[in-house]
Amino acid sequence: MEKSEFKKLKEKLLCEKKNGYDRPVDEAAMEAYCRDYKAFLDSGKTERLCAAQVIRMAEERGWRPYARGMALKAGDKVYLCNRGKGVLLACIGKKSLAEGAQIAAAHIDSPRLDLKPNPLYEDTELAYFKTHYYGGIRKYQWLTIPLELRGVVALRDGSRAEVDIGGEEGDPKLVITDLLPHLGAEQGKKPLAQAVPAETLNILLGSRPIGDGEEKDRVKLAVMKILYEKYGITEEDFTSAELEAVPAVKACDIGLDRSMIGAYGHDDRVCAYAALRALLDLESVPAKTAVCVLADKEEIGSDGVTGMQSAVFDTFMEDLCESQGVAVRACFEKSFCLSADVTAAYDPDYSDVYEKRNAAYLNHGVGLCKYTGARGKSGASDADAETVAYVRRLFDGAGVAWQIAELGKVDAGGGGTVAMYMANRNITTLDAGVPVLSMHAPFETVAKLDCWETYRGMKAVYMAEA
Ligand code: MN
Ligand code: MN
């Protein structure tokens with residue numbers, strides 16, 4: 001066989017993995033998008049702050065809060081905030097909701113350290129907060145990094161104090177200490193998962209006592225006094241608080257070539273941002289109603305009123321359907337949902353947990369996952385072949401760089417997303433998202449190209465005619 005003929009045949013029949021930079025990329029647009037994304041991350045390190053930022057962005061562009069019974073016509077843009085922690089947005093399409101909706105669902109909660117309901121204590125003249133970690137973390141990663149405290153304290157009188165310690169330039173930061181190597185020999189022999197018990201994830205708050213030497217709890221009281229002066233709260237008020245310790249780091253470019261972004265909370269704000277921006281940026285009225293769901297609680301199972309399993313989504317869709325005289329079940333069975341969540345990026349330093357032929361690679365575009373789950377696809381909705389073909393068609397039609405992948409080796413572990421909760425509603429669903437290095441770490445890394453391609457992919461989903 002001639003060389004040229006071989007090459008032609010190979011191109012025709014074999015599927016070569018392609019770096020996204022080997023195709024045309026609008027670098028200026030990508031860079032501008034990523035700049036905005038970094039600012040989005042910095043302004044929304046908790047689900048509440050993120051939801052507030054989403055609403056600011058939507059309102060700036062003329063989106064209106066949805067109220068039940070509102071008359072809606074094609075091109076109308078409405079949003080619903082779910083208890084300050086989740087947002088649902090819909091751009092009404094030209095076709096009836098009986099034709100289904102084009103949905104993107106992402107989550108805006110990220111792994112972190114929550115304060116316990118009785119967090120404050122003093123030990124050996126040092127004041128601390130007890131924490132309870134939220135989501136899957138590798139505990140050792142949260143030691144000796146600057147932390148900030150964000151969240152709310154709900155008071156008995158119905159008012160609310162917004163806590164922000166460490167978020168502003170010049171603010172003090174908080175920290176969890178670690179053992180020095182000189183005394184770490186015994187700890188160093190323990191398996192990584194056991195070396196740092198959760199009950200040692202205590203946040204150092206202060207060391208300076210008030211009062212005289214006879215008294216007890218002098219540092220604790222000093223800390224509480226500062227909190228009282230700043231927020232008007234007393235120790236009992238922690239009972240009804242949601243305070244989250246999150247990394248006190250800003251999103252920044254990574255690499256000499258600035259091709260990546262390092263930040264806290266890429267999982268899953270990188271997909272949430274893509275899903276949101278794509279919807280806000282739609283230049284024309286979509287054929288079908290385009291819906292963006294930004295949910296809370298994914299990292300702990302999507303339960304609860306703000307999670308993806310909550311009826312809030314069904315209620316919102318039912319209300320929209322009702323305004324068109326459509327049964328929501330008829331809408332759901334014709335809808336498509338892209339479950340927009342991150343996937344694991346292949347890390348050559350840990351090649352033994354990835355299966356090279358089915359891993360997602362940095363700069364190879366948005367990663368499709370036919371199924372997630374663990375131990376033989378358990379807990380996966382496992383999209384059907386037709387659904388994957390549908391998304392291939394949409395993405396190829398829009399020139400979006402994409403790859404298909406699994407999360408690691410079959411027996412190495414696994415993960416889940418909101419996909420199954422959408423699929424269980426009788427909505428055709430596929431997982432897709434940005435590959436992430438060091439997922440769930442306080443500082444995760446993604447490639448700019450993948451962020452950009454995910455945004456472009458979302459647009460293609462919203463604008464799909466069928
Ligand atoms: Mn996620
Ligand atoms: Mn996650």
# chains A, B, ... in the order shown; residues from 1 in each chain; ligands from 1
call {"tool": "residues_near_ligand", "arguments": {"ligand": "ligand 2", "cutoff": "9 Å", "atoms": "only C-alpha atoms and all ligand atoms", "output": "list in words"}}
result
His107, Asp109, Ser110, Pro111, Gly135, Gly136, Asp267, Asp268, Glu298, Glu299, Ile300, Asp341, Val342, Thr343, Gly415, Gly416, Thr417, Met439 and His440 of chain A
call {"tool": "write_last_selection", "arguments": {"atoms": "N, CA and C atoms", "output": "short mmCIF file (atom, residue, chain, number, x, y, z; two decimals), in the first residue's frame"}}
result
data_model
loop_
_atom_site.label_atom_id
_atom_site.label_comp_id
_atom_site.auth_asym_id
_atom_site.auth_seq_id
_atom_site.Cartn_x
_atom_site.Cartn_y
_atom_site.Cartn_z
N HIS A 107 -23.38 22.34 39.28
CA HIS A 107 -23.53 22.64 40.71
C HIS A 107 -22.55 23.72 41.14
N ASP A 109 -21.82 24.28 44.60
CA ASP A 109 -21.20 24.00 45.89
C ASP A 109 -19.87 23.30 45.63
N SER A 110 -18.91 23.51 46.50
CA SER A 110 -17.59 22.89 46.35
C SER A 110 -17.13 22.33 47.69
N PRO A 111 -16.23 21.35 47.66
CA PRO A 111 -15.72 20.80 48.92
C PRO A 111 -15.05 21.88 49.76
N GLY A 135 -18.16 17.31 51.58
CA GLY A 135 -17.72 16.74 50.31
C GLY A 135 -16.46 15.92 50.49
N GLY A 136 -16.00 15.33 49.43
CA GLY A 136 -14.84 14.45 49.50
C GLY A 136 -13.54 15.25 49.46
N ASP A 267 -14.46 22.77 40.39
CA ASP A 267 -15.54 21.78 40.51
C ASP A 267 -16.65 22.38 41.36
N ASP A 268 -17.73 22.85 40.83
CA ASP A 268 -18.08 22.70 39.44
C ASP A 268 -18.39 24.08 38.84
N GLU A 298 -24.43 19.08 45.52
CA GLU A 298 -23.99 17.94 44.71
C GLU A 298 -22.89 17.17 45.42
N GLU A 299 -22.01 17.90 46.09
CA GLU A 299 -20.85 17.24 46.71
C GLU A 299 -21.22 16.34 47.88
N ILE A 300 -22.45 16.46 48.36
CA ILE A 300 -22.86 15.55 49.44
C ILE A 300 -24.09 14.73 49.04
N ASP A 341 -20.61 18.73 34.53
CA ASP A 341 -19.75 18.60 35.71
C ASP A 341 -18.34 18.21 35.26
N VAL A 342 -17.40 18.50 36.10
CA VAL A 342 -16.01 18.26 35.75
C VAL A 342 -15.70 16.77 35.73
N THR A 343 -14.62 16.44 35.03
CA THR A 343 -14.13 15.07 35.05
C THR A 343 -12.64 15.13 35.41
N GLY A 415 -16.96 8.18 40.66
CA GLY A 415 -17.62 9.39 41.14
C GLY A 415 -19.01 9.48 40.55
N GLY A 416 -19.73 10.51 40.95
CA GLY A 416 -21.08 10.71 40.44
C GLY A 416 -21.34 12.18 40.19
N THR A 417 -22.45 12.46 39.54
CA THR A 417 -22.84 13.83 39.22
C THR A 417 -24.36 13.94 39.42
N MET A 439 -8.52 17.47 41.32
CA MET A 439 -9.93 17.74 41.65
C MET A 439 -10.16 17.59 43.15
N HIS A 440 -10.99 18.48 43.68
CA HIS A 440 -11.36 18.55 45.11
C HIS A 440 -10.25 19.06 46.01
#
call {"tool": "residues_around", "arguments": {"residues": "A:Val353", "least_positions_apart": "5", "cutoff": "8 Å", "atoms": "only C-alpha atoms", "output": "list in words"}}
result
Gly408, Lys409 and Ala412 of chain A
call {"tool": "closest_residue", "arguments": {"among": "A:Gly20, A:Gly158, A:Gly206, A:Gly265", "to": "ligand 1", "atoms": "only C-alpha atoms and all ligand atoms"}}
result
A:Gly265
call {"tool": "residues_around", "arguments": {"residues": "stretch 208-217 of chain A", "least_positions_apart": "6", "cutoff": "9 Å", "atoms": "only C-alpha atoms", "output": "list in words"}}
result
Tyr121, Glu122, Asp123, Glu125, Leu126, Ala127 and Val223 of chain A
call {"tool": "residues_around", "arguments": {"residues": "A:Val312", "least_positions_apart": "2", "cutoff": "12 Å", "atoms": "only C-alpha atoms", "output": "NGL selection string"}}
result
:A and (80-83 or 85-88 or 293-296 or 303-310 or 314-319)
call {"tool": "closest_residue", "arguments": {"among": "A:Ser4, A:Thr454, A:Thr131, A:Thr289", "to": "A:Leu149", "atoms": "only C-alpha atoms"}}
result
A:Thr131
call {"tool": "residues_around", "arguments": {"residues": "A:Val270", "least_positions_apart": "3", "cutoff": "12 Å", "atoms": "only C-alpha atoms", "output": "PDB file with N, CA and C atoms, in the first residue's frame"}}
result
ATOM      1  N   TYR A  33     -12.832  35.428  27.957  1.00  0.00           N
ATOM      2  CA  TYR A  33     -13.766  34.561  28.687  1.00  0.00           C
ATOM      3  C   TYR A  33     -13.129  34.076  29.997  1.00  0.00           C
ATOM      4  N   CYS A  34     -11.866  33.655  29.905  1.00  0.00           N
ATOM      5  CA  CYS A  34     -11.196  33.117  31.092  1.00  0.00           C
ATOM      6  C   CYS A  34     -10.914  34.206  32.132  1.00  0.00           C
ATOM      7  N   ASP A  36     -12.912  36.741  32.705  1.00  0.00           N
ATOM      8  CA  ASP A  36     -14.201  36.897  33.387  1.00  0.00           C
ATOM      9  C   ASP A  36     -14.461  35.723  34.324  1.00  0.00           C
ATOM     10  N   TYR A  37     -14.073  34.541  33.893  1.00  0.00           N
ATOM     11  CA  TYR A  37     -14.290  33.354  34.722  1.00  0.00           C
ATOM     12  C   TYR A  37     -13.499  33.447  36.031  1.00  0.00           C
ATOM     13  N   LYS A  38     -12.259  33.933  35.946  1.00  0.00           N
ATOM     14  CA  LYS A  38     -11.445  34.060  37.167  1.00  0.00           C
ATOM     15  C   LYS A  38     -12.101  35.038  38.149  1.00  0.00           C
ATOM     16  N   ALA A  39     -12.630  36.138  37.623  1.00  0.00           N
ATOM     17  CA  ALA A  39     -13.314  37.116  38.485  1.00  0.00           C
ATOM     18  C   ALA A  39     -14.568  36.490  39.108  1.00  0.00           C
ATOM     19  N   PHE A  40     -15.265  35.667  38.329  1.00  0.00           N
ATOM     20  CA  PHE A  40     -16.457  34.965  38.812  1.00  0.00           C
ATOM     21  C   PHE A  40     -16.088  34.061  39.995  1.00  0.00           C
ATOM     22  N   LEU A  41     -14.985  33.348  39.869  1.00  0.00           N
ATOM     23  CA  LEU A  41     -14.540  32.454  40.946  1.00  0.00           C
ATOM     24  C   LEU A  41     -14.224  33.250  42.211  1.00  0.00           C
ATOM     25  N   GLY A  44     -17.281  34.313  44.137  1.00  0.00           N
ATOM     26  CA  GLY A  44     -18.268  33.314  44.570  1.00  0.00           C
ATOM     27  C   GLY A  44     -17.658  32.061  45.136  1.00  0.00           C
ATOM     28  N   CYS A  50     -21.828  32.600  45.189  1.00  0.00           N
ATOM     29  CA  CYS A  50     -21.876  32.291  43.763  1.00  0.00           C
ATOM     30  C   CYS A  50     -23.277  32.573  43.203  1.00  0.00           C
ATOM     31  N   ALA A 106     -25.537  22.248  36.352  1.00  0.00           N
ATOM     32  CA  ALA A 106     -24.223  22.216  37.009  1.00  0.00           C
ATOM     33  C   ALA A 106     -24.435  22.477  38.495  1.00  0.00           C
ATOM     34  N   HIS A 107     -23.383  22.338  39.282  1.00  0.00           N
ATOM     35  CA  HIS A 107     -23.530  22.640  40.714  1.00  0.00           C
ATOM     36  C   HIS A 107     -22.548  23.720  41.139  1.00  0.00           C
ATOM     37  N   ILE A 108     -22.959  24.480  42.145  1.00  0.00           N
ATOM     38  CA  ILE A 108     -22.131  25.613  42.575  1.00  0.00           C
ATOM     39  C   ILE A 108     -21.627  25.457  44.005  1.00  0.00           C
ATOM     40  N   ASP A 109     -21.823  24.276  44.597  1.00  0.00           N
ATOM     41  CA  ASP A 109     -21.198  24.003  45.890  1.00  0.00           C
ATOM     42  C   ASP A 109     -19.867  23.301  45.627  1.00  0.00           C
ATOM     43  N   SER A 110     -18.913  23.513  46.498  1.00  0.00           N
ATOM     44  CA  SER A 110     -17.588  22.895  46.348  1.00  0.00           C
ATOM     45  C   SER A 110     -17.128  22.335  47.689  1.00  0.00           C
ATOM     46  N   ALA A 251      -8.012  33.150  42.011  1.00  0.00           N
ATOM     47  CA  ALA A 251      -7.786  32.436  40.752  1.00  0.00           C
ATOM     48  C   ALA A 251      -6.664  33.130  39.990  1.00  0.00           C
ATOM     49  N   ILE A 261      -5.597  27.592  34.421  1.00  0.00           N
ATOM     50  CA  ILE A 261      -6.089  28.432  35.517  1.00  0.00           C
ATOM     51  C   ILE A 261      -6.047  27.602  36.789  1.00  0.00           C
ATOM     52  N   GLY A 262      -5.456  28.171  37.823  1.00  0.00           N
ATOM     53  CA  GLY A 262      -5.456  27.536  39.136  1.00  0.00           C
ATOM     54  C   GLY A 262      -6.422  28.290  40.032  1.00  0.00           C
ATOM     55  N   ALA A 263      -7.239  27.565  40.788  1.00  0.00           N
ATOM     56  CA  ALA A 263      -8.211  28.230  41.660  1.00  0.00           C
ATOM     57  C   ALA A 263      -8.863  27.231  42.592  1.00  0.00           C
ATOM     58  N   TYR A 264      -9.535  27.764  43.583  1.00  0.00           N
ATOM     59  CA  TYR A 264     -10.413  26.948  44.419  1.00  0.00           C
ATOM     60  C   TYR A 264     -11.789  26.906  43.756  1.00  0.00           C
ATOM     61  N   GLY A 265     -12.376  25.717  43.681  1.00  0.00           N
ATOM     62  CA  GLY A 265     -13.780  25.615  43.283  1.00  0.00           C
ATOM     63  C   GLY A 265     -14.060  25.478  41.799  1.00  0.00           C
ATOM     64  N   HIS A 266     -13.064  25.085  40.992  1.00  0.00           N
ATOM     65  CA  HIS A 266     -13.373  24.788  39.582  1.00  0.00           C
ATOM     66  C   HIS A 266     -14.507  23.760  39.505  1.00  0.00           C
ATOM     67  N   ASP A 267     -14.461  22.774  40.391  1.00  0.00           N
ATOM     68  CA  ASP A 267     -15.540  21.776  40.505  1.00  0.00           C
ATOM     69  C   ASP A 267     -16.648  22.383  41.358  1.00  0.00           C
ATOM     70  N   TYR A 273     -20.237  28.208  35.250  1.00  0.00           N
ATOM     71  CA  TYR A 273     -19.980  29.471  34.554  1.00  0.00           C
ATOM     72  C   TYR A 273     -20.202  29.319  33.050  1.00  0.00           C
ATOM     73  N   ALA A 274     -19.750  28.208  32.509  1.00  0.00           N
ATOM     74  CA  ALA A 274     -19.946  27.954  31.068  1.00  0.00           C
ATOM     75  C   ALA A 274     -21.438  27.876  30.746  1.00  0.00           C
ATOM     76  N   ALA A 275     -22.181  27.145  31.593  1.00  0.00           N
ATOM     77  CA  ALA A 275     -23.623  26.981  31.365  1.00  0.00           C
ATOM     78  C   ALA A 275     -24.344  28.324  31.482  1.00  0.00           C
ATOM     79  N   LEU A 276     -23.907  29.120  32.458  1.00  0.00           N
ATOM     80  CA  LEU A 276     -24.531  30.429  32.682  1.00  0.00           C
ATOM     81  C   LEU A 276     -24.198  31.411  31.561  1.00  0.00           C
ATOM     82  N   ARG A 277     -22.902  31.556  31.301  1.00  0.00           N
ATOM     83  CA  ARG A 277     -22.474  32.543  30.294  1.00  0.00           C
ATOM     84  C   ARG A 277     -23.042  32.223  28.921  1.00  0.00           C
ATOM     85  N   LEU A 294     -28.387  25.745  38.294  1.00  0.00           N
ATOM     86  CA  LEU A 294     -27.170  25.780  39.111  1.00  0.00           C
ATOM     87  C   LEU A 294     -27.572  25.344  40.508  1.00  0.00           C
ATOM     88  N   ALA A 340     -23.592  19.129  33.401  1.00  0.00           N
ATOM     89  CA  ALA A 340     -22.297  19.792  33.204  1.00  0.00           C
ATOM     90  C   ALA A 340     -21.470  19.722  34.474  1.00  0.00           C
ATOM     91  N   ASP A 341     -20.605  18.734  34.528  1.00  0.00           N
ATOM     92  CA  ASP A 341     -19.751  18.604  35.711  1.00  0.00           C
ATOM     93  C   ASP A 341     -18.344  18.209  35.258  1.00  0.00           C
ATOM     94  N   VAL A 342     -17.402  18.498  36.098  1.00  0.00           N
ATOM     95  CA  VAL A 342     -16.006  18.263  35.746  1.00  0.00           C
ATOM     96  C   VAL A 342     -15.695  16.768  35.726  1.00  0.00           C
ATOM     97  N   THR A 343     -14.616  16.445  35.031  1.00  0.00           N
ATOM     98  CA  THR A 343     -14.128  15.073  35.051  1.00  0.00           C
ATOM     99  C   THR A 343     -12.643  15.128  35.414  1.00  0.00           C
ATOM    100  N   VAL A 366     -14.009  19.633  25.811  1.00  0.00           N
ATOM    101  CA  VAL A 366     -14.997  19.215  26.809  1.00  0.00           C
ATOM    102  C   VAL A 366     -15.060  17.683  26.855  1.00  0.00           C
ATOM    103  N   ALA A 432     -21.077  15.922  30.724  1.00  0.00           N
ATOM    104  CA  ALA A 432     -19.979  16.521  29.971  1.00  0.00           C
ATOM    105  C   ALA A 432     -19.402  17.661  30.796  1.00  0.00           C
ATOM    106  N   GLY A 433     -18.102  17.832  30.714  1.00  0.00           N
ATOM    107  CA  GLY A 433     -17.511  18.933  31.475  1.00  0.00           C
ATOM    108  C   GLY A 433     -16.024  19.062  31.270  1.00  0.00           C
ATOM    109  N   VAL A 434     -15.457  19.941  32.071  1.00  0.00           N
ATOM    110  CA  VAL A 434     -14.052  20.312  31.941  1.00  0.00           C
ATOM    111  C   VAL A 434     -13.176  19.318  32.712  1.00  0.00           C
ATOM    112  N   PRO A 435     -12.113  18.798  32.100  1.00  0.00           N
ATOM    113  CA  PRO A 435     -11.169  17.952  32.844  1.00  0.00           C
ATOM    114  C   PRO A 435     -10.373  18.796  33.855  1.00  0.00           C
ATOM    115  N   VAL A 436     -10.224  18.253  35.067  1.00  0.00           N
ATOM    116  CA  VAL A 436      -9.572  18.999  36.151  1.00  0.00           C
ATOM    117  C   VAL A 436      -8.402  18.196  36.712  1.00  0.00           C
ATOM    118  N   MET A 439      -8.522  17.472  41.316  1.00  0.00           N
ATOM    119  CA  MET A 439      -9.927  17.737  41.649  1.00  0.00           C
ATOM    120  C   MET A 439     -10.161  17.594  43.154  1.00  0.00           C
ATOM    121  N   GLU A 444      -7.314  23.781  42.467  1.00  0.00           N
ATOM    122  CA  GLU A 444      -7.452  22.859  41.338  1.00  0.00           C
ATOM    123  C   GLU A 444      -6.965  23.545  40.062  1.00  0.00           C
ATOM    124  N   THR A 445      -6.624  22.739  39.059  1.00  0.00           N
ATOM    125  CA  THR A 445      -6.116  23.303  37.809  1.00  0.00           C
ATOM    126  C   THR A 445      -6.921  22.809  36.612  1.00  0.00           C
ATOM    127  N   VAL A 446      -7.269  23.742  35.737  1.00  0.00           N
ATOM    128  CA  VAL A 446      -7.941  23.404  34.477  1.00  0.00           C
ATOM    129  C   VAL A 446      -7.222  24.107  33.331  1.00  0.00           C
ATOM    130  N   ALA A 447      -7.484  23.666  32.109  1.00  0.00           N
ATOM    131  CA  ALA A 447      -6.910  24.324  30.932  1.00  0.00           C
ATOM    132  C   ALA A 447      -7.917  25.323  30.364  1.00  0.00           C
ATOM    133  N   LYS A 448      -7.407  26.482  29.974  1.00  0.00           N
ATOM    134  CA  LYS A 448      -8.282  27.536  29.441  1.00  0.00           C
ATOM    135  C   LYS A 448      -9.057  27.041  28.219  1.00  0.00           C
ATOM    136  N   LEU A 449      -8.365  26.279  27.382  1.00  0.00           N
ATOM    137  CA  LEU A 449      -9.017  25.820  26.155  1.00  0.00           C
ATOM    138  C   LEU A 449     -10.254  24.973  26.478  1.00  0.00           C
ATOM    139  N   ASP A 450     -10.139  24.137  27.504  1.00  0.00           N
ATOM    140  CA  ASP A 450     -11.271  23.274  27.863  1.00  0.00           C
ATOM    141  C   ASP A 450     -12.437  24.089  28.433  1.00  0.00           C
ATOM    142  N   CYS A 451     -12.106  25.145  29.184  1.00  0.00           N
ATOM    143  CA  CYS A 451     -13.165  26.033  29.707  1.00  0.00           C
ATOM    144  C   CYS A 451     -13.923  26.648  28.541  1.00  0.00           C
ATOM    145  N   TRP A 452     -13.170  27.133  27.590  1.00  0.00           N
ATOM    146  CA  TRP A 452     -13.721  27.821  26.418  1.00  0.00           C
ATOM    147  C   TRP A 452     -14.558  26.879  25.557  1.00  0.00           C
ATOM    148  N   GLU A 453     -14.051  25.700  25.325  1.00  0.00           N
ATOM    149  CA  GLU A 453     -14.789  24.740  24.493  1.00  0.00           C
ATOM    150  C   GLU A 453     -16.078  24.286  25.198  1.00  0.00           C
ATOM    151  N   THR A 454     -16.030  24.209  26.520  1.00  0.00           N
ATOM    152  CA  THR A 454     -17.232  23.820  27.264  1.00  0.00           C
ATOM    153  C   THR A 454     -18.305  24.897  27.107  1.00  0.00           C
ATOM    154  N   TYR A 455     -17.877  26.133  27.182  1.00  0.00           N
ATOM    155  CA  TYR A 455     -18.800  27.257  26.961  1.00  0.00           C
ATOM    156  C   TYR A 455     -19.417  27.165  25.553  1.00  0.00           C
TER     157      TYR A 455
END
call {"tool": "residues_around", "arguments": {"residues": "A:Glu199", "least_positions_apart": "4", "cutoff": "10 Å", "atoms": "only C-alpha atoms", "output": "list in words"}}
result
Lys130, Thr131, His132 and Tyr133 of chain A
call {"tool": "residues_around", "arguments": {"residues": "A:Val410", "least_positions_apart": "6", "cutoff": "9 Å", "atoms": "only C-alpha atoms", "output": "JSON, numbers by chain"}}
result
{"A": [353, 354, 355, 374, 375, 376, 377]}
call {"tool": "atom_distance", "arguments": {"atom1": "atom CA of A:Gly365", "atom2": "atom CA of A:Lys10"}}
result
22.3 Å
call {"tool": "closest_residue", "arguments": {"among": "A:Asn363, A:Ser43, A:Gln53, A:Gln187", "to": "A:Met260", "atoms": "only C-alpha atoms"}}
result
A:Asn363
call {"tool": "select_by_dssp", "arguments": {"residues": "stretch 168-275 of chain A", "states": "strand (DSSP E)", "output": "list in words"}}
result
Ile203, Leu204, Leu205, Gly206, Ala241, Glu242, Leu243, Glu244, Ala245, Val246, Pro247, Cys252, Asp253, Ile254, Met260, Ile261, Gly262 and Ala263 of chain A
call {"tool": "write_last_selection", "arguments": {"atoms": "all heavy atoms", "output": "compact mmCIF listing (two decimals), in the first residue's frame"}}
result
# COMPACT_ATOMS: atom_id res chain seq x y z
N ILE A 203 -9.49 25.10 63.19
CA ILE A 203 -8.98 26.34 62.62
C ILE A 203 -8.48 27.28 63.72
O ILE A 203 -9.22 27.62 64.65
CB ILE A 203 -10.08 27.03 61.79
CG1 ILE A 203 -10.53 26.11 60.65
CG2 ILE A 203 -9.59 28.37 61.26
CD1 ILE A 203 -11.72 26.63 59.88
N LEU A 204 -7.24 27.69 63.59
CA LEU A 204 -6.62 28.58 64.58
C LEU A 204 -7.16 30.00 64.40
O LEU A 204 -7.10 30.57 63.30
CB LEU A 204 -5.10 28.56 64.40
CG LEU A 204 -4.28 29.38 65.39
CD1 LEU A 204 -4.52 28.92 66.83
CD2 LEU A 204 -2.80 29.30 65.04
N LEU A 205 -7.68 30.55 65.52
CA LEU A 205 -8.39 31.84 65.44
C LEU A 205 -7.70 32.97 66.16
O LEU A 205 -7.90 34.14 65.84
CB LEU A 205 -9.77 31.70 66.10
CG LEU A 205 -10.74 30.77 65.44
CD1 LEU A 205 -11.97 30.63 66.32
CD2 LEU A 205 -11.13 31.31 64.09
N GLY A 206 -6.97 32.64 67.22
CA GLY A 206 -6.38 33.72 68.00
C GLY A 206 -5.53 33.18 69.13
O GLY A 206 -5.61 31.99 69.49
N ALA A 241 -25.96 28.92 62.02
CA ALA A 241 -25.04 29.57 61.08
C ALA A 241 -24.63 28.58 60.00
O ALA A 241 -24.70 27.36 60.20
CB ALA A 241 -23.81 30.08 61.82
N GLU A 242 -24.24 29.11 58.87
CA GLU A 242 -23.58 28.31 57.85
C GLU A 242 -22.29 29.02 57.51
O GLU A 242 -22.28 29.96 56.71
CB GLU A 242 -24.45 28.17 56.59
CG GLU A 242 -25.55 27.14 56.76
CD GLU A 242 -26.44 27.01 55.55
OE1 GLU A 242 -26.52 27.95 54.74
OE2 GLU A 242 -27.06 25.95 55.41
N LEU A 243 -21.24 28.62 58.17
CA LEU A 243 -19.95 29.27 57.98
C LEU A 243 -19.00 28.26 57.35
O LEU A 243 -18.89 27.12 57.80
CB LEU A 243 -19.42 29.79 59.31
CG LEU A 243 -20.29 30.90 59.93
CD1 LEU A 243 -19.85 31.23 61.34
CD2 LEU A 243 -20.26 32.16 59.05
N GLU A 244 -18.34 28.69 56.30
CA GLU A 244 -17.51 27.79 55.50
C GLU A 244 -16.09 28.33 55.44
O GLU A 244 -15.89 29.49 55.09
CB GLU A 244 -18.08 27.68 54.08
CG GLU A 244 -19.56 27.33 54.06
CD GLU A 244 -20.16 27.30 52.65
OE1 GLU A 244 -19.40 27.38 51.67
OE2 GLU A 244 -21.39 27.18 52.55
N ALA A 245 -15.13 27.48 55.80
CA ALA A 245 -13.73 27.86 55.61
C ALA A 245 -13.33 27.43 54.21
O ALA A 245 -13.44 26.25 53.85
CB ALA A 245 -12.86 27.18 56.66
N VAL A 246 -12.91 28.40 53.43
CA VAL A 246 -12.50 28.14 52.04
C VAL A 246 -11.11 28.71 51.82
O VAL A 246 -10.68 29.61 52.55
CB VAL A 246 -13.50 28.77 51.04
CG1 VAL A 246 -14.85 28.07 51.10
CG2 VAL A 246 -13.65 30.27 51.26
N PRO A 247 -10.37 28.19 50.84
CA PRO A 247 -9.00 28.67 50.63
C PRO A 247 -8.96 30.17 50.33
O PRO A 247 -9.76 30.67 49.53
CB PRO A 247 -8.53 27.86 49.42
CG PRO A 247 -9.36 26.62 49.47
CD PRO A 247 -10.71 27.06 49.97
N CYS A 252 -5.80 32.33 39.39
CA CYS A 252 -4.68 32.92 38.64
C CYS A 252 -4.30 32.01 37.47
O CYS A 252 -4.69 30.85 37.43
CB CYS A 252 -3.48 33.12 39.56
SG CYS A 252 -2.84 31.57 40.21
N ASP A 253 -3.52 32.59 36.57
CA ASP A 253 -3.01 31.79 35.46
C ASP A 253 -1.95 30.83 35.98
O ASP A 253 -1.22 31.15 36.92
CB ASP A 253 -2.38 32.69 34.39
CG ASP A 253 -3.45 33.41 33.57
OD1 ASP A 253 -4.64 33.08 33.73
OD2 ASP A 253 -3.08 34.31 32.79
N ILE A 254 -1.86 29.67 35.36
CA ILE A 254 -0.86 28.67 35.72
C ILE A 254 -0.04 28.35 34.48
O ILE A 254 -0.59 28.25 33.38
CB ILE A 254 -1.52 27.39 36.27
CG1 ILE A 254 -2.23 27.66 37.62
CG2 ILE A 254 -0.52 26.25 36.42
CD1 ILE A 254 -1.32 27.80 38.82
N MET A 260 -3.26 27.63 31.60
CA MET A 260 -4.15 26.99 32.58
C MET A 260 -4.60 28.00 33.63
O MET A 260 -4.06 29.10 33.73
CB MET A 260 -3.42 25.82 33.24
CG MET A 260 -3.04 24.71 32.27
SD MET A 260 -1.81 23.57 32.92
CE MET A 260 -0.30 24.49 32.70
N ILE A 261 -5.60 27.59 34.42
CA ILE A 261 -6.09 28.43 35.52
C ILE A 261 -6.05 27.60 36.79
O ILE A 261 -6.55 26.47 36.82
CB ILE A 261 -7.54 28.91 35.28
CG1 ILE A 261 -7.64 29.70 33.97
CG2 ILE A 261 -8.03 29.75 36.45
CD1 ILE A 261 -9.09 30.03 33.57
N GLY A 262 -5.46 28.17 37.82
CA GLY A 262 -5.46 27.54 39.14
C GLY A 262 -6.42 28.29 40.03
O GLY A 262 -6.45 29.52 40.02
N ALA A 263 -7.24 27.56 40.79
CA ALA A 263 -8.21 28.23 41.66
C ALA A 263 -8.86 27.23 42.59
O ALA A 263 -8.78 26.02 42.37
CB ALA A 263 -9.30 28.91 40.84
call {"tool": "closest_residue", "arguments": {"among": "A:Gly255, A:Gly100, A:Gly167, A:Gly301", "to": "ligand 1", "atoms": "only C-alpha atoms and all ligand atoms"}}
result
A:Gly301
call {"tool": "atom_distance", "arguments": {"atom1": "atom CA of A:Met458", "atom2": "atom CA of A:Ile55"}}
result
19.0 Å
call {"tool": "closest_residue", "arguments": {"among": "A:Leu113, A:Ile233, A:Ile176, A:Leu320", "to": "A:Asp157", "atoms": "only C-alpha atoms"}}
result
A:Ile233
call {"tool": "closest_residue", "arguments": {"among": "A:Cys271, A:Val152, A:Ala466, A:Ala67", "to": "ligand 1", "atoms": "only C-alpha atoms and all ligand atoms"}}
result
A:Cys271
call {"tool": "select_by_dssp", "arguments": {"residues": "stretch 229-463 of chain A", "states": "helix (DSSP H, G or I)", "output": "MDAnalysis selection string"}}
result
chainID A and resid 229:231 235:240 266:280 298:300 312:322 328:332 348:353 356:358 385:397 419:423 448:463
